[in-house]
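Q: Input file: model10.cif. Contents: mmCIF, C-alpha atoms.
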```
data_model
loop_
_atom_site.label_atom_id
_atom_site.label_comp_id
_atom_site.auth_asym_id
_atom_site.auth_seq_id
_atom_site.Cartn_x
_atom_site.Cartn_y
_atom_site.Cartn_z
CA MET A 26 0.00 0.00 0.00
CA SER A 27 1.62 3.25 -1.07
CA GLY A 28 1.20 6.54 0.65
CA HIS A 29 2.63 9.99 1.21
CA LEU A 30 3.01 12.18 4.26
CA PHE A 31 1.09 15.43 4.18
CA PRO A 32 0.59 18.21 6.71
CA HIS A 33 -2.94 18.13 8.12
CA THR A 34 -4.93 20.37 10.44
CA HIS A 35 -6.65 18.75 13.43
CA ASN A 36 -8.10 20.71 16.38
CA ASN A 37 -6.45 23.90 15.11
CA SER A 38 -2.95 22.35 15.10
CA GLN A 39 -0.81 21.12 12.22
CA TYR A 40 0.21 17.46 12.12
CA LEU A 41 1.93 15.19 9.62
CA CYS A 42 -0.48 12.62 8.23
CA LEU A 43 -0.22 9.57 6.01
CA HIS A 44 -2.59 9.74 3.00
CA TRP A 45 -3.73 6.76 0.90
CA HIS A 46 -5.05 8.18 -2.36
CA SER A 47 -8.14 10.23 -1.31
CA ASN A 48 -8.42 8.82 2.22
CA SER A 49 -6.33 10.02 5.13
CA LEU A 50 -5.23 8.40 8.35
CA CYS A 51 -4.13 10.82 10.99
CA GLU A 52 -3.07 10.17 14.55
CA SER A 53 -1.65 12.90 16.73
CA ARG A 54 0.28 10.39 18.86
CA GLY A 55 3.58 9.59 17.26
CA PHE A 56 3.78 12.64 15.02
CA GLN A 57 6.00 15.64 15.37
CA GLN A 58 3.63 18.56 15.98
CA LEU A 59 4.34 21.62 13.85
CA SER A 60 3.41 25.21 14.55
CA SER A 61 0.26 26.49 12.86
CA THR A 62 2.30 28.96 10.80
CA SER A 63 5.06 26.61 9.73
CA MET A 64 3.38 25.31 6.57
CA ASP A 65 0.22 25.18 4.50
CA CYS A 66 -2.03 22.16 4.92
CA GLY A 67 -2.01 19.98 1.83
CA LYS A 68 1.62 20.47 0.78
CA PRO A 69 3.56 17.19 0.43
CA LEU A 70 6.72 16.65 2.42
CA ALA A 71 9.86 18.03 0.89
CA LYS A 72 12.63 15.72 -0.21
CA GLY A 73 14.29 14.02 2.73
CA GLY A 74 11.09 13.61 4.71
CA LYS A 75 10.85 17.18 6.01
CA ALA A 76 7.87 19.44 5.59
CA GLU A 77 8.51 22.98 4.42
CA GLY A 78 9.27 25.03 7.47
CA GLY A 79 8.86 21.98 9.74
CA SER A 80 10.88 19.03 10.99
CA THR A 81 11.07 15.29 10.40
CA PRO A 82 8.39 13.29 12.23
CA SER A 83 9.77 10.88 14.79
CA LYS A 84 7.60 7.99 13.58
CA VAL A 85 4.31 7.03 11.96
CA ALA A 86 2.01 5.47 14.55
CA ALA A 87 -0.40 2.69 13.66
CA VAL A 88 -4.03 3.32 14.53
CA GLY A 89 -5.45 0.46 16.57
CA GLY A 90 -2.02 -1.22 16.48
CA ARG A 91 -2.20 -1.92 12.72
CA LEU A 92 -0.86 -0.08 9.73
CA ASN A 93 0.83 -2.31 7.15
CA GLY A 94 -1.61 -4.55 5.34
CA HIS A 95 -4.68 -2.70 6.61
CA PRO A 96 -7.27 -3.13 3.82
CA GLU A 97 -8.75 0.34 4.21
CA PRO A 98 -7.79 3.04 6.74
CA PRO A 99 -10.67 3.70 9.14
CA GLU A 100 -12.38 7.05 8.87
CA TRP A 101 -11.00 9.53 11.37
CA PRO A 102 -13.82 11.15 13.41
CA ALA A 103 -12.86 14.64 12.26
CA GLN A 104 -13.57 13.60 8.66
CA GLN A 105 -17.21 12.83 9.39
CA LYS A 106 -19.25 15.71 8.07
CA ALA A 107 -21.44 17.24 10.77
CA ALA A 108 -25.04 18.04 9.92
CA THR A 109 -25.60 21.70 9.14
CA PRO A 110 -27.81 23.56 11.64
CA TRP A 111 -30.89 23.58 9.43
CA GLN A 112 -30.57 19.85 8.59
CA GLU A 113 -30.13 18.58 12.14
CA GLU A 114 -32.32 15.78 13.38
CA ARG A 115 -35.10 16.13 15.90
CA THR A 116 -34.05 15.23 19.42
CA ARG A 117 -37.63 14.77 20.63
CA SER A 118 -40.90 13.65 19.06
CA VAL A 119 -44.57 14.11 19.89
CA GLU A 120 -44.59 10.47 21.01
CA ASP A 121 -41.70 11.21 23.35
CA ASN A 122 -43.82 13.91 24.98
CA GLN A 123 -46.50 11.40 25.87
CA LEU A 124 -44.00 8.88 27.18
CA SER A 125 -42.11 11.38 29.32
CA LEU A 126 -45.15 13.22 30.71
CA PRO A 127 -45.67 10.95 33.77
CA SER A 128 -42.03 11.28 34.85
CA LEU A 129 -42.17 15.06 34.41
CA GLU A 130 -45.33 15.21 36.52
CA THR A 131 -43.62 13.18 39.24
CA ALA A 132 -40.62 15.51 39.13
CA TYR A 133 -42.78 18.63 39.51
CA SER A 134 -44.67 17.01 42.38
CA ALA A 135 -41.34 16.38 44.10
CA ILE A 136 -40.39 20.03 43.53
CA LEU A 137 -43.59 21.18 45.21
CA LYS A 138 -42.86 18.95 48.20
CA GLY A 139 -39.28 20.22 48.31
CA LEU A 140 -40.61 23.77 48.46
CA GLY A 141 -42.71 22.88 51.52
CA GLU A 142 -46.03 22.71 49.66
CA ASP A 143 -48.68 20.00 49.67
CA PRO A 144 -49.24 18.68 46.11
CA GLU A 145 -52.52 17.13 47.30
CA ARG A 146 -54.22 20.39 48.22
CA GLN A 147 -56.96 21.56 45.87
CA GLY A 148 -55.08 24.39 44.17
CA LEU A 149 -52.08 22.17 43.37
CA LEU A 150 -53.77 18.91 42.36
CA LYS A 151 -53.23 19.47 38.63
CA THR A 152 -50.19 21.75 38.91
CA PRO A 153 -47.58 19.02 38.18
CA TRP A 154 -49.43 18.08 34.97
CA ARG A 155 -49.86 21.74 33.95
CA ALA A 156 -46.22 22.53 34.64
CA ALA A 157 -45.03 19.44 32.74
CA THR A 158 -47.10 20.20 29.62
CA ALA A 159 -46.11 23.87 29.79
CA MET A 160 -42.40 22.96 29.88
CA GLN A 161 -42.88 20.66 26.90
CA PHE A 162 -44.44 23.57 25.00
CA PHE A 163 -41.70 26.00 26.07
CA THR A 164 -39.14 23.56 24.60
CA LYS A 165 -41.09 22.34 21.57
CA GLY A 166 -38.24 23.45 19.30
CA TYR A 167 -36.55 20.13 20.08
CA GLN A 168 -39.25 18.30 18.12
CA GLU A 169 -39.02 20.51 15.03
CA LYS A 170 -36.51 20.72 12.17
CA ILE A 171 -35.57 23.77 10.13
CA SER A 172 -35.65 21.74 6.92
CA ASP A 173 -39.35 20.97 7.44
CA ILE A 174 -40.26 24.63 7.01
CA LEU A 175 -37.60 25.71 4.50
CA ASN A 176 -37.55 23.06 1.80
CA ASP A 177 -40.67 24.36 0.04
CA ALA A 178 -40.15 28.05 0.78
CA ILE A 179 -36.85 28.89 -0.94
CA PHE A 180 -37.33 30.59 -4.30
CA ASP A 181 -35.04 31.57 -7.17
CA GLU A 182 -35.23 35.33 -7.52
CA ASP A 183 -32.92 37.84 -9.19
CA HIS A 184 -32.87 40.14 -6.17
CA ASP A 185 -29.64 41.42 -4.64
CA GLU A 186 -30.85 44.10 -2.23
CA MET A 187 -31.07 43.71 1.52
CA VAL A 188 -34.08 41.94 3.02
CA ILE A 189 -34.94 42.70 6.66
CA VAL A 190 -37.57 41.36 9.03
CA LYS A 191 -37.34 43.17 12.35
CA ASP A 192 -38.94 43.11 15.79
CA ILE A 193 -39.85 39.41 15.72
CA ASP A 194 -41.20 38.50 19.16
CA MET A 195 -39.06 35.91 20.90
CA PHE A 196 -39.65 33.84 24.05
CA SER A 197 -37.00 31.45 25.29
CA MET A 198 -35.85 29.65 28.43
CA CYS A 199 -32.53 30.38 30.11
CA GLU A 200 -30.75 27.04 30.41
CA HIS A 201 -28.99 28.15 33.60
CA HIS A 202 -32.05 28.95 35.73
CA LEU A 203 -35.00 27.62 33.70
CA VAL A 204 -36.70 31.01 33.70
CA PRO A 205 -37.71 32.98 30.59
CA PHE A 206 -35.88 35.60 28.63
CA ILE A 207 -38.08 37.65 26.34
CA GLY A 208 -37.27 40.05 23.55
CA LYS A 209 -37.20 40.87 19.85
CA VAL A 210 -35.13 39.55 16.94
CA SER A 211 -34.17 41.44 13.80
CA ILE A 212 -32.84 39.55 10.79
CA GLY A 213 -31.32 40.85 7.58
CA TYR A 214 -29.74 39.06 4.65
CA LEU A 215 -28.32 39.96 1.24
CA PRO A 216 -29.72 37.43 -1.27
CA ASN A 217 -27.57 35.55 -3.74
CA ARG A 218 -30.31 34.79 -6.31
CA LYS A 219 -32.38 32.97 -3.68
CA VAL A 220 -34.98 34.36 -1.27
CA ILE A 221 -37.04 32.80 1.49
CA GLY A 222 -40.65 33.41 2.46
CA VAL A 223 -40.41 36.15 5.09
CA SER A 224 -42.66 34.32 7.55
CA LYS A 225 -40.13 31.48 7.57
CA LEU A 226 -37.58 33.75 9.21
CA ALA A 227 -39.97 34.11 12.14
CA ARG A 228 -40.41 30.33 12.16
CA ILE A 229 -36.65 29.84 12.38
CA VAL A 230 -36.61 32.13 15.41
CA GLU A 231 -39.44 30.15 16.96
CA ILE A 232 -37.75 26.78 16.50
CA TYR A 233 -34.44 27.79 18.05
CA SER A 234 -35.90 29.98 20.80
CA ARG A 235 -38.25 27.21 21.99
CA ARG A 236 -35.32 25.33 23.50
CA LEU A 237 -33.16 25.73 26.58
CA GLN A 238 -30.87 28.50 25.42
CA VAL A 239 -28.35 31.22 26.05
CA GLN A 240 -28.89 34.35 24.01
CA GLU A 241 -25.44 34.29 22.44
CA ARG A 242 -25.92 30.78 21.02
CA LEU A 243 -29.47 31.52 19.89
CA THR A 244 -28.27 34.51 17.87
CA LYS A 245 -25.59 32.48 16.11
CA GLN A 246 -27.86 29.48 15.44
CA ILE A 247 -30.40 31.67 13.63
CA ALA A 248 -27.72 33.30 11.48
CA LYS A 249 -25.99 30.02 10.61
CA ALA A 250 -29.27 28.30 9.70
CA ILE A 251 -30.13 31.07 7.23
CA THR A 252 -26.61 30.98 5.80
CA GLU A 253 -26.63 27.21 5.32
CA ALA A 254 -30.08 27.23 3.73
CA LEU A 255 -29.76 30.20 1.35
CA GLN A 256 -26.01 30.72 0.84
CA PRO A 257 -26.58 34.49 0.78
CA ALA A 258 -23.88 37.12 0.43
CA GLY A 259 -24.32 37.93 4.09
CA VAL A 260 -26.56 37.61 7.15
CA GLY A 261 -27.07 39.80 10.19
CA VAL A 262 -29.03 38.90 13.33
CA VAL A 263 -29.58 41.14 16.37
CA ILE A 264 -31.45 40.11 19.52
CA GLU A 265 -32.45 42.44 22.37
CA ALA A 266 -33.93 40.65 25.37
CA THR A 267 -34.84 40.97 29.04
CA HIS A 268 -33.70 38.07 31.21
CA MET A 269 -35.90 37.11 34.14
CA CYS A 270 -32.84 35.65 35.87
CA MET A 271 -31.61 39.26 36.17
CA VAL A 272 -35.02 40.79 36.91
CA MET A 273 -36.68 38.31 39.30
CA ARG A 274 -33.54 37.14 41.12
CA GLY A 275 -29.85 37.91 41.48
CA VAL A 276 -29.10 41.59 40.82
CA GLN A 277 -32.83 42.32 40.21
CA LYS A 278 -32.30 45.07 37.65
CA MET A 279 -35.72 45.72 36.19
CA ASN A 280 -34.72 47.75 33.12
CA SER A 281 -31.64 45.86 31.99
CA LYS A 282 -31.54 44.55 28.43
CA THR A 283 -29.04 42.25 26.74
CA VAL A 284 -28.13 42.84 23.09
CA THR A 285 -26.31 40.23 21.00
CA SER A 286 -25.46 40.19 17.32
CA THR A 287 -24.03 37.82 14.73
CA MET A 288 -22.73 39.17 11.42
CA LEU A 289 -21.71 36.81 8.62
CA GLY A 290 -20.38 37.39 5.10
CA VAL A 291 -20.53 40.99 3.86
CA PHE A 292 -22.32 42.05 7.04
CA ARG A 293 -19.08 41.29 8.89
CA GLU A 294 -16.62 42.29 6.15
CA ASP A 295 -18.19 45.51 4.85
CA PRO A 296 -18.76 48.30 7.42
CA LYS A 297 -21.18 50.14 5.11
CA THR A 298 -23.43 47.09 4.69
CA ARG A 299 -23.37 46.45 8.42
CA GLU A 300 -24.19 50.09 9.20
CA GLU A 301 -27.08 50.09 6.71
CA PHE A 302 -28.55 47.04 8.41
CA LEU A 303 -28.13 48.43 11.93
CA THR A 304 -29.61 51.78 10.89
CA LEU A 305 -32.66 50.19 9.28
CA ILE A 306 -33.50 48.01 12.26
CA ARG A 307 -33.22 50.97 14.66
CA ASN A 308 -35.57 53.24 12.69
#
```
Show the structure stored in the file as structure tokens.

A:
Amino acid sequence: MSGHLFPHTHNNSQYLCLHWHSNSLCESRGFQQLSSTSMDCGKPLAKGGKAEGGSTPSKVAAVGGRLNGHPEPPEWPAQQKAATPWQEERTRSVEDNQLSLPSLETAYSAILKGLGEDPERQGLLKTPWRAATAMQFFTKGYQEKISDILNDAIFDEDHDEMVIVKDIDMFSMCEHHLVPFIGKVSIGYLPNRKVIGVSKLARIVEIYSRRLQVQERLTKQIAKAITEALQPAGVGVVIEATHMCMVMRGVQKMNSKTVTSTMLGVFREDPKTREEFLTLIRN
């Protein structure tokens, strides 16, 4: 089996890897690590076994204790292509809701007892069931997929001017304290010959916000989903929200608001495009 050593990037570091044709077998143990600026990934080793700007590897380690005679190198985990945000699988189904409801009710009953209440008193008899079904609704984004709403709502259109949908109401649950944060989302994108039904942007917000979240991740998930689905020239997302974990507890600052933004493509690279977007969503 013939092969060549190539530099390869893994976990933001450069390593020397053994490539068989189009497949690669890379193992960080047993390779001489090179600095991230010492060479470009993909260049073959120079004559004498040294990479340009690097040094000779001490040895080539066998993965799983085998190298010579291996019929086909196993796929390295980093090579497995991760699902894009809008193609991810559901992590919960409607059937799961029914199956998990009794255990959720039991858990909420235990919470009431832990708080010193009597779950058997009249006002609390159905509270565990109500709380359990409410929490399932608050997190219903886990049983929905972006692709379900986008596949039939992306249209070819020769339009290259900015599209903005602003002040989309958003309700989510802080994953740290399981209390709400509430606010508004503004989305803008610069089409690249494809547009999406504007109501679908609000649906994207709904799917990702109806999960246990932090605002920073929610902002990025919305922007990346639009980017993966439409491949636009750029995307901008801004969220302004009030967090009940800051209002009802902790520092208890009633008027505090948290603003997060994600800018991709020309929205990040071009200050004028970014400023146009930010100006339009403010006015």

Q: Just give me the gap between atom CA of A:Pro257 and atom CA of A:Leu215 in Å, one decimal is fine.

A: 5.8 Å

Q: Report as CSV the residues of stretch 134-180 of chain A within 12 Å of stretch 252-256 of chain A, each with its shortest atom pair and distance in Å (one decimal), using only C-alpha atoms, ordered by chain and increasing residue number.

A:
```
residue,atom,partner,partner_atom,distance
A:Ile171,CA,A:Ala254,CA,9.1
A:Ser172,CA,A:Ala254,CA,8.4
A:Asp173,CA,A:Ala254,CA,11.8
A:Ile174,CA,A:Ala254,CA,11.0
A:Leu175,CA,A:Ala254,CA,7.7
A:Asn176,CA,A:Ala254,CA,8.8
A:Asp177,CA,A:Ala254,CA,11.6
A:Ala178,CA,A:Ala254,CA,10.5
A:Ile179,CA,A:Leu255,CA,7.6
A:Phe180,CA,A:Leu255,CA,9.5
```

Q: Could you write out that same residue set with C-alpha atoms as a short mmCIF file (atom, residue, chain, number, x, y, z; two decimals), in the frame of the given file?

A:
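To be explicit, this is the file written out as selection.cif:
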```cif
data_model
loop_
_atom_site.label_atom_id
_atom_site.label_comp_id
_atom_site.auth_asym_id
_atom_site.auth_seq_id
_atom_site.Cartn_x
_atom_site.Cartn_y
_atom_site.Cartn_z
CA ILE A 171 -35.57 23.77 10.13
CA SER A 172 -35.65 21.74 6.92
CA ASP A 173 -39.35 20.97 7.44
CA ILE A 174 -40.26 24.63 7.01
CA LEU A 175 -37.60 25.71 4.50
CA ASN A 176 -37.55 23.06 1.80
CA ASP A 177 -40.67 24.36 0.04
CA ALA A 178 -40.15 28.05 0.78
CA ILE A 179 -36.85 28.89 -0.94
CA PHE A 180 -37.33 30.59 -4.30
#
```

Q: So which one's closest to A:Asp192, A:Glu265, A:Glu241, A:Glu300, A:Glu294? Using all atoms listed in the file, please.

A: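 Once distances to A:Asp192 are computed over all atoms listed in the file, the minimum belongs to A:Glu265.
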
Q: Taking the file as shown, find all residues satisfying the PyMOL selection byres ((chain A and resi 231) around 10) and write them as a PDB file with C-alpha atoms, keeping the file's coordinate frame.

A:
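Wrote it out as selection.pdb, contents follow:
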```
ATOM      1  CA  LYS A 165     -41.090  22.340  21.570  1.00  0.00           C
ATOM      2  CA  GLY A 166     -38.240  23.450  19.300  1.00  0.00           C
ATOM      3  CA  GLU A 169     -39.020  20.510  15.030  1.00  0.00           C
ATOM      4  CA  ILE A 193     -39.850  39.410  15.720  1.00  0.00           C
ATOM      5  CA  ASP A 194     -41.200  38.500  19.160  1.00  0.00           C
ATOM      6  CA  MET A 195     -39.060  35.910  20.900  1.00  0.00           C
ATOM      7  CA  PHE A 196     -39.650  33.840  24.050  1.00  0.00           C
ATOM      8  CA  SER A 197     -37.000  31.450  25.290  1.00  0.00           C
ATOM      9  CA  LYS A 225     -40.130  31.480   7.570  1.00  0.00           C
ATOM     10  CA  LEU A 226     -37.580  33.750   9.210  1.00  0.00           C
ATOM     11  CA  ALA A 227     -39.970  34.110  12.140  1.00  0.00           C
ATOM     12  CA  ARG A 228     -40.410  30.330  12.160  1.00  0.00           C
ATOM     13  CA  ILE A 229     -36.650  29.840  12.380  1.00  0.00           C
ATOM     14  CA  VAL A 230     -36.610  32.130  15.410  1.00  0.00           C
ATOM     15  CA  ILE A 232     -37.750  26.780  16.500  1.00  0.00           C
ATOM     16  CA  TYR A 233     -34.440  27.790  18.050  1.00  0.00           C
ATOM     17  CA  SER A 234     -35.900  29.980  20.800  1.00  0.00           C
ATOM     18  CA  ARG A 235     -38.250  27.210  21.990  1.00  0.00           C
ATOM     19  CA  ARG A 236     -35.320  25.330  23.500  1.00  0.00           C
ATOM     20  CA  ILE A 247     -30.400  31.670  13.630  1.00  0.00           C
TER      21      ILE A 247
END
```

Q: Kindly indicate which residue among A:Ile136, A:Ala156, A:Val223, A:Leu203 lies nearest to A:Ile251, using only C-alpha atoms for the distances.

A: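 For A:Ile251, the nearest of the candidates is A:Val223.
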
Q: If I take atom CA of A:Gln123 and atom CA of A:Arg155, how far is one from the other in Å, to one decimal?

A: 13.5 Å

Q: Quick one: pull the distance between atom CA of A:Arg299 and atom CA of A:Cys199, Å, one decimal.

A: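 These atoms are spaced 28.5 Å apart.
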
Q: Give me the result of the PyMOL selection byres ((chain A and resi 264) around 8) on this file, residue by residue, as a PyMOL selection string.

A: chain A and resi 208-211+240+244+262-263+265-266+283-286

Q: For a quick check of understanding, using only C-alpha atoms, which of A:Val119, A:Ile207, A:Met279, A:Leu149 has the smallest distance to A:Phe162?

A: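 Under the stated criterion, the closest residue is A:Val119.
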
Q: Can you work out which one of A:Ala248, A:Gln168, A:Thr152, A:Ser134 has the shortest atom-to-atom distance to A:Glu120, counting all atoms listed in the file?

A: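 Closest to A:Glu120, using all atoms listed in the file: A:Gln168.
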
Q: List, as a ChimeraX atom specification, every residue that the PyMOL selection byres ((chain A and resi 181-188) around 8) selects in the file provided.

A: /A:179-180,189-190,213-220
